[in-house]
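Novice: My structure is stored as structure14.cif, with mmCIF, N, CA and C atoms.
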```cif
data_work
#
loop_
_atom_site.label_atom_id
_atom_site.label_comp_id
_atom_site.auth_asym_id
_atom_site.auth_seq_id
_atom_site.Cartn_x
_atom_site.Cartn_y
_atom_site.Cartn_z
N MET A 1 -10.37 -30.14 -33.39
CA MET A 1 -9.02 -30.49 -33.03
C MET A 1 -8.10 -30.19 -34.21
N ALA A 2 -6.93 -29.68 -33.86
CA ALA A 2 -5.93 -29.37 -34.88
C ALA A 2 -4.81 -30.40 -34.82
N ASN A 3 -4.17 -30.62 -35.92
CA ASN A 3 -3.03 -31.53 -36.00
C ASN A 3 -1.76 -30.73 -36.22
N VAL A 4 -0.69 -31.17 -35.55
CA VAL A 4 0.60 -30.50 -35.67
C VAL A 4 1.63 -31.56 -36.03
N ASN A 5 2.38 -31.29 -37.06
CA ASN A 5 3.44 -32.20 -37.49
C ASN A 5 4.75 -31.70 -36.89
N ILE A 6 5.38 -32.51 -36.03
CA ILE A 6 6.62 -32.08 -35.39
C ILE A 6 7.70 -33.10 -35.66
N LYS A 7 8.93 -32.66 -35.45
CA LYS A 7 10.08 -33.54 -35.62
C LYS A 7 10.76 -33.64 -34.27
N PHE A 8 10.91 -34.87 -33.75
CA PHE A 8 11.54 -35.11 -32.45
C PHE A 8 12.56 -36.22 -32.62
N ASN A 9 13.78 -35.94 -32.26
CA ASN A 9 14.88 -36.90 -32.35
C ASN A 9 15.00 -37.47 -33.77
N GLY A 10 14.82 -36.59 -34.75
CA GLY A 10 14.97 -36.99 -36.14
C GLY A 10 13.77 -37.75 -36.71
N LYS A 11 12.72 -37.91 -35.94
CA LYS A 11 11.53 -38.63 -36.41
C LYS A 11 10.35 -37.67 -36.46
N ASN A 12 9.48 -37.87 -37.43
CA ASN A 12 8.29 -37.05 -37.58
C ASN A 12 7.13 -37.68 -36.81
N PHE A 13 6.37 -36.79 -36.12
CA PHE A 13 5.20 -37.23 -35.37
C PHE A 13 4.05 -36.30 -35.71
N LEU A 14 2.84 -36.84 -35.74
CA LEU A 14 1.64 -36.05 -35.95
C LEU A 14 0.88 -36.05 -34.63
N LEU A 15 0.72 -34.87 -34.01
CA LEU A 15 0.05 -34.75 -32.72
C LEU A 15 -1.21 -33.90 -32.87
N SER A 16 -2.20 -34.20 -32.07
CA SER A 16 -3.44 -33.43 -32.07
C SER A 16 -3.45 -32.51 -30.86
N CYS A 17 -4.10 -31.37 -31.03
CA CYS A 17 -4.26 -30.41 -29.93
C CYS A 17 -5.52 -29.59 -30.19
N ASP A 18 -5.93 -28.85 -29.18
CA ASP A 18 -7.09 -27.97 -29.33
C ASP A 18 -6.79 -26.89 -30.36
N ASP A 19 -7.85 -26.43 -31.00
CA ASP A 19 -7.69 -25.36 -31.98
C ASP A 19 -7.07 -24.13 -31.30
N GLY A 20 -6.12 -23.51 -31.96
CA GLY A 20 -5.46 -22.33 -31.43
C GLY A 20 -4.25 -22.64 -30.57
N GLN A 21 -4.03 -23.92 -30.24
CA GLN A 21 -2.90 -24.30 -29.41
C GLN A 21 -1.71 -24.82 -30.21
N GLU A 22 -1.81 -24.79 -31.52
CA GLU A 22 -0.77 -25.35 -32.38
C GLU A 22 0.60 -24.71 -32.13
N GLU A 23 0.62 -23.40 -32.09
CA GLU A 23 1.89 -22.69 -31.91
C GLU A 23 2.50 -23.01 -30.55
N HIS A 24 1.67 -23.07 -29.53
CA HIS A 24 2.14 -23.39 -28.18
C HIS A 24 2.72 -24.80 -28.14
N LEU A 25 2.04 -25.76 -28.76
CA LEU A 25 2.52 -27.14 -28.79
C LEU A 25 3.85 -27.23 -29.53
N GLU A 26 3.97 -26.54 -30.64
CA GLU A 26 5.23 -26.55 -31.39
C GLU A 26 6.36 -25.97 -30.56
N GLU A 27 6.09 -24.87 -29.86
CA GLU A 27 7.10 -24.24 -29.02
C GLU A 27 7.52 -25.17 -27.88
N LEU A 28 6.55 -25.82 -27.25
CA LEU A 28 6.82 -26.76 -26.16
C LEU A 28 7.67 -27.93 -26.64
N LEU A 29 7.30 -28.51 -27.77
CA LEU A 29 8.05 -29.66 -28.29
C LEU A 29 9.43 -29.27 -28.79
N THR A 30 9.59 -28.05 -29.28
CA THR A 30 10.92 -27.56 -29.66
C THR A 30 11.81 -27.49 -28.42
N HIS A 31 11.25 -27.01 -27.33
CA HIS A 31 11.99 -26.93 -26.06
C HIS A 31 12.39 -28.33 -25.57
N ILE A 32 11.45 -29.26 -25.60
CA ILE A 32 11.73 -30.63 -25.17
C ILE A 32 12.80 -31.26 -26.08
N ASN A 33 12.70 -31.05 -27.37
CA ASN A 33 13.68 -31.59 -28.32
C ASN A 33 15.07 -31.02 -28.06
N GLN A 34 15.14 -29.73 -27.74
CA GLN A 34 16.43 -29.12 -27.42
C GLN A 34 17.04 -29.75 -26.17
N LYS A 35 16.22 -29.97 -25.15
CA LYS A 35 16.69 -30.62 -23.92
C LYS A 35 17.19 -32.02 -24.24
N PHE A 36 16.40 -32.75 -25.02
CA PHE A 36 16.75 -34.12 -25.38
C PHE A 36 18.08 -34.16 -26.13
N ASN A 37 18.23 -33.30 -27.13
CA ASN A 37 19.47 -33.26 -27.92
C ASN A 37 20.67 -32.83 -27.08
N SER A 38 20.45 -31.90 -26.16
CA SER A 38 21.52 -31.46 -25.27
C SER A 38 22.00 -32.62 -24.40
N LEU A 39 21.05 -33.36 -23.83
CA LEU A 39 21.42 -34.53 -23.02
C LEU A 39 22.09 -35.60 -23.88
N LYS A 40 21.61 -35.78 -25.08
CA LYS A 40 22.19 -36.77 -26.01
C LYS A 40 23.65 -36.43 -26.28
N ASN A 41 23.93 -35.13 -26.47
CA ASN A 41 25.30 -34.68 -26.71
C ASN A 41 26.17 -34.85 -25.46
N ASP A 42 25.58 -34.55 -24.26
CA ASP A 42 26.33 -34.65 -23.01
C ASP A 42 26.58 -36.09 -22.59
N LEU A 43 25.57 -36.93 -22.74
CA LEU A 43 25.65 -38.31 -22.21
C LEU A 43 25.99 -39.34 -23.28
N GLY A 44 25.93 -38.95 -24.51
CA GLY A 44 26.17 -39.92 -25.58
C GLY A 44 24.88 -40.66 -25.88
N ASN A 45 24.96 -41.61 -26.73
CA ASN A 45 23.77 -42.34 -27.13
C ASN A 45 23.57 -43.51 -26.17
N ILE A 46 22.88 -43.24 -25.05
CA ILE A 46 22.66 -44.28 -24.03
C ILE A 46 21.32 -44.97 -24.22
N GLY A 47 20.68 -44.66 -25.26
CA GLY A 47 19.38 -45.26 -25.55
C GLY A 47 18.29 -44.21 -25.46
N GLU A 48 17.38 -44.32 -26.40
CA GLU A 48 16.31 -43.33 -26.49
C GLU A 48 15.44 -43.33 -25.24
N SER A 49 15.13 -44.49 -24.69
CA SER A 49 14.26 -44.58 -23.51
C SER A 49 14.89 -43.87 -22.32
N LYS A 50 16.18 -44.15 -22.07
CA LYS A 50 16.85 -43.51 -20.94
C LYS A 50 16.94 -42.00 -21.16
N LEU A 51 17.25 -41.58 -22.37
CA LEU A 51 17.33 -40.14 -22.66
C LEU A 51 15.97 -39.47 -22.48
N LEU A 52 14.91 -40.14 -22.91
CA LEU A 52 13.56 -39.59 -22.70
C LEU A 52 13.24 -39.47 -21.22
N LEU A 53 13.61 -40.51 -20.45
CA LEU A 53 13.37 -40.49 -19.01
C LEU A 53 14.15 -39.36 -18.35
N ILE A 54 15.43 -39.24 -18.67
CA ILE A 54 16.26 -38.19 -18.08
C ILE A 54 15.75 -36.81 -18.50
N THR A 55 15.34 -36.67 -19.76
CA THR A 55 14.78 -35.40 -20.24
C THR A 55 13.52 -35.06 -19.45
N SER A 56 12.67 -36.05 -19.25
CA SER A 56 11.42 -35.84 -18.47
C SER A 56 11.74 -35.43 -17.05
N VAL A 57 12.73 -36.11 -16.45
CA VAL A 57 13.10 -35.78 -15.07
C VAL A 57 13.65 -34.34 -15.00
N LYS A 58 14.51 -33.96 -15.95
CA LYS A 58 15.07 -32.60 -15.95
C LYS A 58 13.95 -31.55 -16.11
N ILE A 59 13.03 -31.82 -17.02
CA ILE A 59 11.93 -30.87 -17.25
C ILE A 59 11.04 -30.78 -16.01
N MET A 60 10.77 -31.92 -15.39
CA MET A 60 9.95 -31.91 -14.16
C MET A 60 10.69 -31.20 -13.03
N ASP A 61 12.02 -31.38 -12.97
CA ASP A 61 12.81 -30.69 -11.97
C ASP A 61 12.69 -29.18 -12.16
N GLU A 62 12.82 -28.71 -13.40
CA GLU A 62 12.64 -27.29 -13.70
C GLU A 62 11.24 -26.83 -13.32
N TYR A 63 10.27 -27.67 -13.64
CA TYR A 63 8.88 -27.33 -13.33
C TYR A 63 8.69 -27.17 -11.82
N PHE A 64 9.19 -28.14 -11.04
CA PHE A 64 9.02 -28.07 -9.58
C PHE A 64 9.80 -26.91 -8.98
N GLU A 65 10.98 -26.61 -9.49
CA GLU A 65 11.73 -25.45 -9.01
C GLU A 65 10.97 -24.16 -9.31
N THR A 66 10.44 -24.09 -10.52
CA THR A 66 9.65 -22.92 -10.90
C THR A 66 8.41 -22.80 -10.02
N LYS A 67 7.75 -23.93 -9.81
CA LYS A 67 6.54 -23.93 -8.96
C LYS A 67 6.89 -23.50 -7.54
N LYS A 68 8.02 -24.02 -7.02
CA LYS A 68 8.46 -23.65 -5.67
C LYS A 68 8.75 -22.15 -5.59
N ASN A 69 9.43 -21.63 -6.62
CA ASN A 69 9.73 -20.19 -6.65
C ASN A 69 8.46 -19.37 -6.72
N ILE A 70 7.51 -19.83 -7.50
CA ILE A 70 6.23 -19.11 -7.61
C ILE A 70 5.51 -19.10 -6.27
N GLU A 71 5.49 -20.24 -5.59
CA GLU A 71 4.84 -20.31 -4.27
C GLU A 71 5.54 -19.39 -3.27
N GLN A 72 6.87 -19.38 -3.34
CA GLN A 72 7.64 -18.50 -2.46
C GLN A 72 7.32 -17.04 -2.77
N LYS A 73 7.26 -16.69 -4.04
CA LYS A 73 6.94 -15.31 -4.43
C LYS A 73 5.52 -14.95 -4.03
N LYS A 74 4.60 -15.93 -4.14
CA LYS A 74 3.22 -15.68 -3.70
C LYS A 74 3.19 -15.37 -2.21
N ALA A 75 3.95 -16.17 -1.43
CA ALA A 75 4.00 -15.95 0.02
C ALA A 75 4.60 -14.57 0.32
N GLU A 76 5.68 -14.22 -0.39
CA GLU A 76 6.29 -12.91 -0.19
C GLU A 76 5.32 -11.79 -0.57
N LEU A 77 4.61 -11.99 -1.67
CA LEU A 77 3.63 -11.00 -2.10
C LEU A 77 2.49 -10.87 -1.10
N LYS A 78 2.04 -12.00 -0.56
CA LYS A 78 0.98 -11.96 0.45
C LYS A 78 1.47 -11.24 1.69
N ASN A 79 2.70 -11.54 2.10
CA ASN A 79 3.28 -10.88 3.26
C ASN A 79 3.41 -9.38 3.02
N LEU A 80 3.88 -9.02 1.84
CA LEU A 80 4.00 -7.62 1.48
C LEU A 80 2.63 -6.94 1.43
N SER A 81 1.66 -7.65 0.91
CA SER A 81 0.30 -7.12 0.85
C SER A 81 -0.24 -6.89 2.26
N ASN A 82 0.01 -7.84 3.16
CA ASN A 82 -0.44 -7.69 4.55
C ASN A 82 0.25 -6.50 5.21
N LYS A 83 1.55 -6.35 4.94
CA LYS A 83 2.27 -5.20 5.51
C LYS A 83 1.72 -3.89 4.95
N PHE A 84 1.39 -3.90 3.65
CA PHE A 84 0.82 -2.70 3.04
C PHE A 84 -0.53 -2.37 3.68
N LYS A 85 -1.35 -3.41 3.89
CA LYS A 85 -2.65 -3.18 4.53
C LYS A 85 -2.47 -2.63 5.94
N GLU A 86 -1.48 -3.18 6.66
CA GLU A 86 -1.20 -2.70 8.01
C GLU A 86 -0.75 -1.24 7.97
N LEU A 87 0.14 -0.94 7.03
CA LEU A 87 0.61 0.43 6.89
C LEU A 87 -0.54 1.37 6.52
N LYS A 88 -1.38 0.91 5.61
CA LYS A 88 -2.55 1.70 5.20
C LYS A 88 -3.46 1.96 6.41
N SER A 89 -3.65 0.92 7.21
CA SER A 89 -4.47 1.06 8.41
C SER A 89 -3.86 2.07 9.38
N LEU A 90 -2.52 2.00 9.54
CA LEU A 90 -1.84 2.95 10.42
C LEU A 90 -1.95 4.38 9.89
N VAL A 91 -1.88 4.53 8.58
CA VAL A 91 -2.01 5.86 7.99
C VAL A 91 -3.41 6.43 8.27
N TYR A 92 -4.43 5.59 8.05
CA TYR A 92 -5.80 6.06 8.32
C TYR A 92 -6.01 6.35 9.80
N GLU A 93 -5.43 5.51 10.64
CA GLU A 93 -5.55 5.72 12.09
C GLU A 93 -4.86 7.04 12.47
N TYR A 94 -3.67 7.27 11.91
CA TYR A 94 -2.94 8.50 12.18
C TYR A 94 -3.73 9.71 11.69
N ARG A 95 -4.29 9.60 10.48
CA ARG A 95 -5.08 10.69 9.92
C ARG A 95 -6.28 11.00 10.81
N ASP A 96 -7.00 9.95 11.25
CA ASP A 96 -8.17 10.15 12.10
C ASP A 96 -7.78 10.81 13.43
N LYS A 97 -6.65 10.35 13.98
CA LYS A 97 -6.18 10.92 15.25
C LYS A 97 -5.83 12.40 15.07
N LYS A 98 -5.15 12.72 13.97
CA LYS A 98 -4.78 14.12 13.71
C LYS A 98 -6.02 14.97 13.45
N GLU A 99 -7.01 14.41 12.78
CA GLU A 99 -8.25 15.16 12.56
C GLU A 99 -8.95 15.43 13.88
N GLU A 100 -8.94 14.45 14.79
CA GLU A 100 -9.52 14.67 16.12
C GLU A 100 -8.77 15.78 16.86
N GLU A 101 -7.43 15.72 16.79
CA GLU A 101 -6.63 16.74 17.45
C GLU A 101 -6.91 18.12 16.86
N MET A 102 -7.04 18.18 15.52
CA MET A 102 -7.33 19.47 14.88
C MET A 102 -8.71 19.98 15.30
N SER A 103 -9.66 19.07 15.37
CA SER A 103 -11.01 19.46 15.79
C SER A 103 -10.97 20.01 17.22
N LYS A 104 -10.22 19.33 18.09
CA LYS A 104 -10.10 19.78 19.47
C LYS A 104 -9.41 21.15 19.51
N LEU A 105 -8.37 21.31 18.70
CA LEU A 105 -7.67 22.61 18.66
C LEU A 105 -8.60 23.71 18.16
N PHE A 106 -9.42 23.42 17.15
CA PHE A 106 -10.37 24.42 16.66
C PHE A 106 -11.39 24.77 17.75
N GLN A 107 -11.84 23.76 18.48
CA GLN A 107 -12.78 24.01 19.57
C GLN A 107 -12.12 24.85 20.66
N ASP A 108 -10.87 24.47 21.02
CA ASP A 108 -10.13 25.25 22.03
C ASP A 108 -9.93 26.68 21.56
N HIS A 109 -9.58 26.82 20.26
CA HIS A 109 -9.37 28.15 19.70
C HIS A 109 -10.64 28.98 19.79
N ALA A 110 -11.76 28.36 19.43
CA ALA A 110 -13.04 29.07 19.50
C ALA A 110 -13.36 29.44 20.96
N GLY A 111 -13.06 28.52 21.88
CA GLY A 111 -13.29 28.79 23.30
C GLY A 111 -12.42 29.93 23.79
N PHE A 112 -11.14 29.93 23.39
CA PHE A 112 -10.24 31.01 23.77
C PHE A 112 -10.69 32.34 23.19
N LYS A 113 -11.18 32.28 21.96
CA LYS A 113 -11.66 33.49 21.31
C LYS A 113 -12.86 34.07 22.09
N ARG A 114 -13.79 33.18 22.48
CA ARG A 114 -14.95 33.64 23.27
C ARG A 114 -14.49 34.20 24.62
N GLU A 115 -13.53 33.52 25.23
CA GLU A 115 -13.03 33.97 26.52
C GLU A 115 -12.34 35.33 26.39
N ILE A 116 -11.58 35.51 25.32
CA ILE A 116 -10.92 36.80 25.09
C ILE A 116 -11.96 37.89 24.89
N GLU A 117 -13.01 37.61 24.12
CA GLU A 117 -14.09 38.60 23.91
C GLU A 117 -14.77 38.94 25.24
N LYS A 118 -15.02 37.89 26.04
CA LYS A 118 -15.68 38.11 27.34
C LYS A 118 -14.77 38.94 28.24
N ASN A 119 -13.46 38.58 28.26
CA ASN A 119 -12.51 39.35 29.09
C ASN A 119 -12.41 40.79 28.60
N LYS A 120 -12.46 40.98 27.27
CA LYS A 120 -12.41 42.33 26.71
C LYS A 120 -13.63 43.13 27.16
N GLU A 121 -14.81 42.49 27.08
CA GLU A 121 -16.04 43.16 27.51
C GLU A 121 -15.98 43.47 29.00
N ASP A 122 -15.51 42.48 29.80
CA ASP A 122 -15.39 42.70 31.25
C ASP A 122 -14.40 43.84 31.54
N TYR A 123 -13.28 43.84 30.82
CA TYR A 123 -12.26 44.88 31.00
C TYR A 123 -12.85 46.25 30.66
N GLU A 124 -13.57 46.32 29.52
CA GLU A 124 -14.19 47.60 29.14
C GLU A 124 -15.22 48.04 30.17
N LYS A 125 -15.95 47.07 30.71
CA LYS A 125 -16.96 47.38 31.73
C LYS A 125 -16.28 47.90 33.00
N ILE A 126 -15.16 47.22 33.38
CA ILE A 126 -14.43 47.65 34.58
C ILE A 126 -13.87 49.05 34.37
N ILE A 127 -13.29 49.28 33.18
CA ILE A 127 -12.73 50.60 32.86
C ILE A 127 -13.84 51.65 32.89
N GLU A 128 -14.99 51.32 32.32
CA GLU A 128 -16.12 52.25 32.30
C GLU A 128 -16.60 52.54 33.72
N GLU A 129 -16.71 51.49 34.55
CA GLU A 129 -17.14 51.68 35.93
C GLU A 129 -16.11 52.51 36.70
N ALA A 130 -14.82 52.19 36.46
CA ALA A 130 -13.77 52.96 37.14
C ALA A 130 -13.80 54.42 36.70
N THR A 131 -14.01 54.63 35.42
CA THR A 131 -14.10 56.00 34.90
C THR A 131 -15.30 56.72 35.52
N ASP A 132 -16.44 56.02 35.59
CA ASP A 132 -17.63 56.62 36.21
C ASP A 132 -17.38 56.95 37.67
N GLU A 133 -16.72 56.05 38.39
CA GLU A 133 -16.44 56.30 39.81
C GLU A 133 -15.47 57.46 39.98
N ILE A 134 -14.46 57.50 39.08
CA ILE A 134 -13.51 58.61 39.17
C ILE A 134 -14.23 59.93 38.87
N GLU A 135 -15.08 59.94 37.86
CA GLU A 135 -15.83 61.17 37.53
C GLU A 135 -16.74 61.55 38.69
N SER A 136 -17.37 60.52 39.27
CA SER A 136 -18.26 60.77 40.40
C SER A 136 -17.47 61.33 41.58
N PHE A 137 -16.31 60.75 41.83
CA PHE A 137 -15.46 61.20 42.92
C PHE A 137 -15.01 62.63 42.69
N VAL A 138 -14.60 62.91 41.44
CA VAL A 138 -14.14 64.27 41.10
C VAL A 138 -15.30 65.25 41.25
N GLU A 139 -16.50 64.87 40.84
CA GLU A 139 -17.66 65.75 40.98
C GLU A 139 -17.97 66.00 42.45
N LYS A 140 -17.91 64.95 43.25
CA LYS A 140 -18.17 65.09 44.69
C LYS A 140 -17.10 65.99 45.31
N ALA A 141 -15.90 65.75 44.89
CA ALA A 141 -14.79 66.53 45.44
C ALA A 141 -14.95 68.01 45.03
N ASN A 142 -15.39 68.22 43.83
CA ASN A 142 -15.59 69.60 43.36
C ASN A 142 -16.76 70.25 44.09
N LEU A 143 -17.79 69.49 44.41
CA LEU A 143 -18.93 70.03 45.10
C LEU A 143 -18.61 70.32 46.56
N GLU A 144 -17.81 69.49 47.16
CA GLU A 144 -17.45 69.67 48.55
C GLU A 144 -16.42 70.80 48.70
N ASN A 145 -15.57 70.92 47.78
CA ASN A 145 -14.56 71.95 47.82
C ASN A 145 -14.73 72.86 46.61
N PRO A 146 -15.57 73.84 46.74
CA PRO A 146 -15.73 74.72 45.59
C PRO A 146 -14.39 75.42 45.27
N VAL A 147 -14.21 75.71 44.06
CA VAL A 147 -12.97 76.31 43.59
C VAL A 147 -12.86 77.69 44.20
N GLN A 148 -11.72 77.98 44.74
CA GLN A 148 -11.54 79.24 45.41
C GLN A 148 -10.82 80.26 44.63
#
```
Before anything else, please render the file you have as structure tokens.

Specialist:
Amino acid sequence: MANVNIKFNGKNFLLSCDDGQEEHLEELLTHINQKFNSLKNDLGNIGESKLLLITSVKIMDEYFETKKNIEQKKAELKNLSNKFKELKSLVYEYRDKKEEEMSKLFQDHAGFKREIEKNKEDYEKIIEEATDEIESFVEKANLENPVQ
């Protein structure tokens, strides 16, 4: 345990605290002393007990306001975090949906490509058959009507 010598309301006090907490205790007591002296200047010398009580009430009021603000900020942060998670979920859902659509488009594209190749082959086959029939017809026509 460490000892800290502080001055409060013009009186010296020796306080104990955990090792390493000396600076924090001095800072805290300086703040309390400032509040006390400020109230003493505002209210006059109404008695040390009343000033200590009013100082305690003011500090607790600040503490509760700060605590309330922290709780409010925590709630806002939680709400924001939930909205972020929801947005993140929507982004992943959108990405998955678009990937499915792309996959379907690639499959459709591949199917169209196969169909075009098949139609090309069928077209070439029809052209070849038509050409063969025309050649056959011309040959028959030439055989039936020899050139005169």

Novice: Using the chain letters and numbers from the file, which residues does the PyMOL selection byres ((chain A and resi 33-44) around 8) grab, as a ChimeraX atom specification?

Specialist: /A:7-9,27-32,45-47,51-52,54-56,59

Novice: Using only N, CA and C atoms, which residues sit within 6.5 Å of Asn3 (chain A) once same-chain residues fewer than 6 positions away are excluded, as JSON, numbers by chain?

Specialist: {"A": [14, 15, 16, 17]}

Novice: Expressed in Å to a single decimal, how great is the separation between CA of Lys78 (chain A) and atom C of Glu93 (chain A)?

Specialist: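 Separation between CA of Lys78 (chain A) and atom C of Glu93 (chain A): 23.2 Å.
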
Novice: So which one's closest to Asp19 (chain A), A:Glu71, A:Ile6, A:Met1, A:Leu105? Using only N, CA and C atoms, please.

Specialist: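 Smallest separation from Asp19 (chain A) among the options: A:Met1.
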
Novice: Separation of atom N of Gly10 (chain A) and CA of Leu53 (chain A), in Å?

Specialist: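 Going from atom N of Gly10 (chain A) over to CA of Leu53 (chain A) covers 16.3 Å.
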
Novice: From the DSSP assignment of the backbone, select every residue of chain A that is alpha helix (DSSP H), and format the answer as a ChimeraX atom specification.

Specialist: /A:22-43,48-144

Novice: Would you fill out region 31-48 of chain A with N, CA, C and O atoms and return it as a PDB file, keeping the file's coordinate frame?

Specialist:
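And here's selection02.pdb as it stands now:
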```pdb
ATOM      1  N   HIS A  31      11.250 -27.010 -27.330  1.00  0.00           N
ATOM      2  CA  HIS A  31      11.990 -26.930 -26.060  1.00  0.00           C
ATOM      3  C   HIS A  31      12.390 -28.330 -25.570  1.00  0.00           C
ATOM      4  O   HIS A  31      13.548 -28.553 -25.199  1.00  0.00           O
ATOM      5  N   ILE A  32      11.450 -29.260 -25.600  1.00  0.00           N
ATOM      6  CA  ILE A  32      11.730 -30.630 -25.170  1.00  0.00           C
ATOM      7  C   ILE A  32      12.800 -31.260 -26.080  1.00  0.00           C
ATOM      8  O   ILE A  32      13.719 -31.931 -25.597  1.00  0.00           O
ATOM      9  N   ASN A  33      12.700 -31.050 -27.370  1.00  0.00           N
ATOM     10  CA  ASN A  33      13.680 -31.590 -28.320  1.00  0.00           C
ATOM     11  C   ASN A  33      15.070 -31.020 -28.060  1.00  0.00           C
ATOM     12  O   ASN A  33      16.074 -31.737 -28.129  1.00  0.00           O
ATOM     13  N   GLN A  34      15.140 -29.730 -27.740  1.00  0.00           N
ATOM     14  CA  GLN A  34      16.430 -29.120 -27.420  1.00  0.00           C
ATOM     15  C   GLN A  34      17.040 -29.750 -26.170  1.00  0.00           C
ATOM     16  O   GLN A  34      18.231 -30.048 -26.135  1.00  0.00           O
ATOM     17  N   LYS A  35      16.220 -29.970 -25.150  1.00  0.00           N
ATOM     18  CA  LYS A  35      16.690 -30.620 -23.920  1.00  0.00           C
ATOM     19  C   LYS A  35      17.190 -32.020 -24.240  1.00  0.00           C
ATOM     20  O   LYS A  35      18.255 -32.442 -23.772  1.00  0.00           O
ATOM     21  N   PHE A  36      16.400 -32.750 -25.020  1.00  0.00           N
ATOM     22  CA  PHE A  36      16.750 -34.120 -25.380  1.00  0.00           C
ATOM     23  C   PHE A  36      18.080 -34.160 -26.130  1.00  0.00           C
ATOM     24  O   PHE A  36      18.981 -34.934 -25.790  1.00  0.00           O
ATOM     25  N   ASN A  37      18.230 -33.300 -27.130  1.00  0.00           N
ATOM     26  CA  ASN A  37      19.470 -33.260 -27.920  1.00  0.00           C
ATOM     27  C   ASN A  37      20.670 -32.830 -27.080  1.00  0.00           C
ATOM     28  O   ASN A  37      21.772 -33.333 -27.250  1.00  0.00           O
ATOM     29  N   SER A  38      20.450 -31.900 -26.160  1.00  0.00           N
ATOM     30  CA  SER A  38      21.520 -31.460 -25.270  1.00  0.00           C
ATOM     31  C   SER A  38      22.000 -32.620 -24.400  1.00  0.00           C
ATOM     32  O   SER A  38      23.205 -32.834 -24.242  1.00  0.00           O
ATOM     33  N   LEU A  39      21.050 -33.360 -23.830  1.00  0.00           N
ATOM     34  CA  LEU A  39      21.420 -34.530 -23.020  1.00  0.00           C
ATOM     35  C   LEU A  39      22.090 -35.600 -23.880  1.00  0.00           C
ATOM     36  O   LEU A  39      23.046 -36.255 -23.431  1.00  0.00           O
ATOM     37  N   LYS A  40      21.610 -35.780 -25.080  1.00  0.00           N
ATOM     38  CA  LYS A  40      22.190 -36.770 -26.010  1.00  0.00           C
ATOM     39  C   LYS A  40      23.650 -36.430 -26.280  1.00  0.00           C
ATOM     40  O   LYS A  40      24.519 -37.308 -26.288  1.00  0.00           O
ATOM     41  N   ASN A  41      23.930 -35.130 -26.470  1.00  0.00           N
ATOM     42  CA  ASN A  41      25.300 -34.680 -26.710  1.00  0.00           C
ATOM     43  C   ASN A  41      26.170 -34.850 -25.460  1.00  0.00           C
ATOM     44  O   ASN A  41      27.335 -35.211 -25.541  1.00  0.00           O
ATOM     45  N   ASP A  42      25.580 -34.550 -24.260  1.00  0.00           N
ATOM     46  CA  ASP A  42      26.330 -34.650 -23.010  1.00  0.00           C
ATOM     47  C   ASP A  42      26.580 -36.090 -22.590  1.00  0.00           C
ATOM     48  O   ASP A  42      27.664 -36.426 -22.107  1.00  0.00           O
ATOM     49  N   LEU A  43      25.570 -36.930 -22.740  1.00  0.00           N
ATOM     50  CA  LEU A  43      25.650 -38.310 -22.210  1.00  0.00           C
ATOM     51  C   LEU A  43      25.990 -39.340 -23.280  1.00  0.00           C
ATOM     52  O   LEU A  43      26.243 -40.499 -22.956  1.00  0.00           O
ATOM     53  N   GLY A  44      25.930 -38.950 -24.510  1.00  0.00           N
ATOM     54  CA  GLY A  44      26.170 -39.920 -25.580  1.00  0.00           C
ATOM     55  C   GLY A  44      24.880 -40.660 -25.880  1.00  0.00           C
ATOM     56  O   GLY A  44      23.822 -40.402 -25.307  1.00  0.00           O
ATOM     57  N   ASN A  45      24.960 -41.610 -26.730  1.00  0.00           N
ATOM     58  CA  ASN A  45      23.770 -42.340 -27.130  1.00  0.00           C
ATOM     59  C   ASN A  45      23.570 -43.510 -26.170  1.00  0.00           C
ATOM     60  O   ASN A  45      24.026 -44.616 -26.398  1.00  0.00           O
ATOM     61  N   ILE A  46      22.880 -43.240 -25.050  1.00  0.00           N
ATOM     62  CA  ILE A  46      22.660 -44.280 -24.030  1.00  0.00           C
ATOM     63  C   ILE A  46      21.320 -44.970 -24.220  1.00  0.00           C
ATOM     64  O   ILE A  46      20.892 -45.726 -23.357  1.00  0.00           O
ATOM     65  N   GLY A  47      20.680 -44.660 -25.260  1.00  0.00           N
ATOM     66  CA  GLY A  47      19.380 -45.260 -25.550  1.00  0.00           C
ATOM     67  C   GLY A  47      18.290 -44.210 -25.460  1.00  0.00           C
ATOM     68  O   GLY A  47      18.292 -43.357 -24.579  1.00  0.00           O
ATOM     69  N   GLU A  48      17.380 -44.320 -26.400  1.00  0.00           N
ATOM     70  CA  GLU A  48      16.310 -43.330 -26.490  1.00  0.00           C
ATOM     71  C   GLU A  48      15.440 -43.330 -25.240  1.00  0.00           C
ATOM     72  O   GLU A  48      15.061 -42.284 -24.738  1.00  0.00           O
TER      73      GLU A  48
END
```
